[in-house]
$ cat entry-v9.pdb   # PDB, C-alpha atoms
ATOM      1  CA  MET A   1      22.323 -10.265  29.771  1.00  0.00           C
ATOM      2  CA  LEU A   2      18.959  -9.674  28.144  1.00  0.00           C
ATOM      3  CA  LYS A   3      18.063 -11.478  24.965  1.00  0.00           C
ATOM      4  CA  PRO A   4      15.900  -9.864  22.297  1.00  0.00           C
ATOM      5  CA  PRO A   5      12.316 -11.167  22.160  1.00  0.00           C
ATOM      6  CA  LYS A   6      11.511 -13.951  19.750  1.00  0.00           C
ATOM      7  CA  LEU A   7       9.622 -13.078  16.600  1.00  0.00           C
ATOM      8  CA  ALA A   8       5.993 -14.112  16.394  1.00  0.00           C
ATOM      9  CA  PRO A   9       5.454 -17.251  14.291  1.00  0.00           C
ATOM     10  CA  SER A  10       4.428 -16.671  10.696  1.00  0.00           C
ATOM     11  CA  ALA A  11       1.182 -17.959   9.215  1.00  0.00           C
ATOM     12  CA  TRP A  12       3.175 -20.702   7.476  1.00  0.00           C
ATOM     13  CA  GLN A  13       4.810 -21.805  10.733  1.00  0.00           C
ATOM     14  CA  LEU A  14       1.430 -22.017  12.462  1.00  0.00           C
ATOM     15  CA  TYR A  15      -0.056 -23.921   9.511  1.00  0.00           C
ATOM     16  CA  PHE A  16       2.851 -26.354   9.351  1.00  0.00           C
ATOM     17  CA  THR A  17       2.727 -27.021  13.105  1.00  0.00           C
ATOM     18  CA  ASP A  18      -0.977 -27.823  12.795  1.00  0.00           C
ATOM     19  CA  PHE A  19      -0.309 -29.985   9.717  1.00  0.00           C
ATOM     20  CA  ILE A  20       2.332 -32.006  11.609  1.00  0.00           C
ATOM     21  CA  GLN A  21      -0.002 -32.519  14.572  1.00  0.00           C
ATOM     22  CA  ARG A  22      -2.813 -33.696  12.287  1.00  0.00           C
ATOM     23  CA  ALA A  23      -0.449 -36.035  10.415  1.00  0.00           C
ATOM     24  CA  GLN A  24       0.864 -37.558  13.639  1.00  0.00           C
ATOM     25  CA  ALA A  25      -2.676 -38.088  14.933  1.00  0.00           C
ATOM     26  CA  ASN A  26      -3.656 -39.966  11.772  1.00  0.00           C
ATOM     27  CA  THR A  27      -0.784 -42.452  11.652  1.00  0.00           C
ATOM     28  CA  THR A  28       1.473 -44.497  13.897  1.00  0.00           C
ATOM     29  CA  LYS A  29       4.347 -44.493  11.397  1.00  0.00           C
ATOM     30  CA  LYS A  30       7.349 -42.252  11.870  1.00  0.00           C
ATOM     31  CA  LEU A  31       6.778 -38.955  10.096  1.00  0.00           C
ATOM     32  CA  ASN A  32       9.096 -37.965   7.253  1.00  0.00           C
ATOM     33  CA  VAL A  33       9.419 -34.233   7.866  1.00  0.00           C
ATOM     34  CA  ALA A  34      10.699 -33.478   4.356  1.00  0.00           C
ATOM     35  CA  GLN A  35       7.686 -35.205   2.771  1.00  0.00           C
ATOM     36  CA  ALA A  36       5.337 -33.553   5.273  1.00  0.00           C
ATOM     37  CA  ALA A  37       6.781 -30.123   4.410  1.00  0.00           C
ATOM     38  CA  LYS A  38       6.264 -30.801   0.708  1.00  0.00           C
ATOM     39  CA  GLU A  39       2.643 -31.874   1.222  1.00  0.00           C
ATOM     40  CA  ALA A  40       1.903 -29.026   3.629  1.00  0.00           C
ATOM     41  CA  GLY A  41       3.436 -26.548   1.181  1.00  0.00           C
ATOM     42  CA  GLN A  42       1.166 -27.778  -1.594  1.00  0.00           C
ATOM     43  CA  GLU A  43      -1.899 -27.498   0.646  1.00  0.00           C
ATOM     44  CA  TYR A  44      -0.857 -24.051   1.878  1.00  0.00           C
ATOM     45  CA  ALA A  45      -0.291 -22.803  -1.671  1.00  0.00           C
ATOM     46  CA  ASN A  46      -3.883 -23.769  -2.532  1.00  0.00           C
ATOM     47  CA  LEU A  47      -5.380 -21.748   0.344  1.00  0.00           C
ATOM     48  CA  SER A  48      -6.916 -18.377  -0.421  1.00  0.00           C
ATOM     49  CA  THR A  49      -5.510 -15.251   1.185  1.00  0.00           C
ATOM     50  CA  ALA A  50      -8.535 -15.102   3.475  1.00  0.00           C
ATOM     51  CA  GLU A  51      -7.987 -18.699   4.605  1.00  0.00           C
ATOM     52  CA  LYS A  52      -4.330 -17.971   5.322  1.00  0.00           C
ATOM     53  CA  GLU A  53      -5.318 -15.038   7.554  1.00  0.00           C
ATOM     54  CA  VAL A  54      -7.657 -17.166   9.666  1.00  0.00           C
ATOM     55  CA  GLY A  55      -5.696 -18.557  12.549  1.00  0.00           C
ATOM     56  CA  PRO A  56      -6.168 -19.803  16.084  1.00  0.00           C
ATOM     57  CA  LEU A  57      -6.253 -16.237  17.420  1.00  0.00           C
ATOM     58  CA  SER A  58      -8.340 -14.715  14.635  1.00  0.00           C
ATOM     59  CA  ASN A  59     -11.558 -14.893  16.650  1.00  0.00           C
ATOM     60  CA  LEU A  60     -10.092 -12.792  19.472  1.00  0.00           C
ATOM     61  CA  ARG A  61     -11.043  -9.141  19.373  1.00  0.00           C
ATOM     62  CA  PHE A  62      -9.620  -6.311  21.413  1.00  0.00           C
ATOM     63  CA  SER A  63     -12.278  -4.813  23.635  1.00  0.00           C
ATOM     64  CA  GLY A  64     -10.186  -2.165  25.308  1.00  0.00           C
ATOM     65  CA  PRO A  65     -11.342   1.087  26.856  1.00  0.00           C
TER
END
$ encode --input "entry-v9.pdb" --output "structure tokens"
Amino acid sequence: MLKPPKLAPSAWQLYFTDFIQRAQANTTKKLNVAQAAKEAGQEYANLSTAEKEVGPLSNLRFSGP
């Protein structure tokens, strides 16, 4: 049985994944995900719309026929 394809991650999901990776790299303590989500949410809310649109794939351009 075929399963429907997964949805692409949202800008928030990509940002939060990056935030978690940065937080884990900066500390050896166990990460409190609830606190990390709160802090990441505050940072994300302060980003401009343009900053939110810039992602890891934003520099890729289609150069088709």
$ closest_residue --input "entry-v9.pdb" --among "A:Trp12, A:Thr27, A:Ile20, A:Gln35" --to "A:Leu47" --atoms "all atoms listed in the file"
A:Trp12
$ residues_around --input "entry-v9.pdb" --residues "A:Tyr15" --least-positions-apart "5" --cutoff "9 Å" --atoms "all atoms listed in the file" --output "VMD selection string"
chain A and resid 10 20 40 44 52 55
$ atom_distance --input "entry-v9.pdb" --atom1 "atom CA of A:Ala34" --atom2 "atom CA of A:Asn46"
18.8 Å
$ resolve_selection --input "entry-v9.pdb" --expression "the PyMOL selection byres ((chain A and resi 33) around 12)" --output "number ranges by chain"
A: 16-17, 19-21, 23-24, 29-32, 34-41
$ write_last_selection --input "entry-v9.pdb" --atoms "C-alpha atoms" --output "short mmCIF file (atom, residue, chain, number, x, y, z; two decimals), keeping the file's coordinate frame"
data_model
loop_
_atom_site.label_atom_id
_atom_site.label_comp_id
_atom_site.auth_asym_id
_atom_site.auth_seq_id
_atom_site.Cartn_x
_atom_site.Cartn_y
_atom_site.Cartn_z
CA PHE A 16 2.85 -26.35 9.35
CA THR A 17 2.73 -27.02 13.10
CA PHE A 19 -0.31 -29.98 9.72
CA ILE A 20 2.33 -32.01 11.61
CA GLN A 21 0.00 -32.52 14.57
CA ALA A 23 -0.45 -36.03 10.42
CA GLN A 24 0.86 -37.56 13.64
CA LYS A 29 4.35 -44.49 11.40
CA LYS A 30 7.35 -42.25 11.87
CA LEU A 31 6.78 -38.96 10.10
CA ASN A 32 9.10 -37.97 7.25
CA ALA A 34 10.70 -33.48 4.36
CA GLN A 35 7.69 -35.20 2.77
CA ALA A 36 5.34 -33.55 5.27
CA ALA A 37 6.78 -30.12 4.41
CA LYS A 38 6.26 -30.80 0.71
CA GLU A 39 2.64 -31.87 1.22
CA ALA A 40 1.90 -29.03 3.63
CA GLY A 41 3.44 -26.55 1.18
#
$ atom_distance --input "entry-v9.pdb" --atom1 "atom CA of A:Glu51" --atom2 "atom CA of A:Ala8"
18.9 Å
$ atom_distance --input "entry-v9.pdb" --atom1 "atom CA of A:Glu53" --atom2 "atom CA of A:Leu14"
10.9 Å
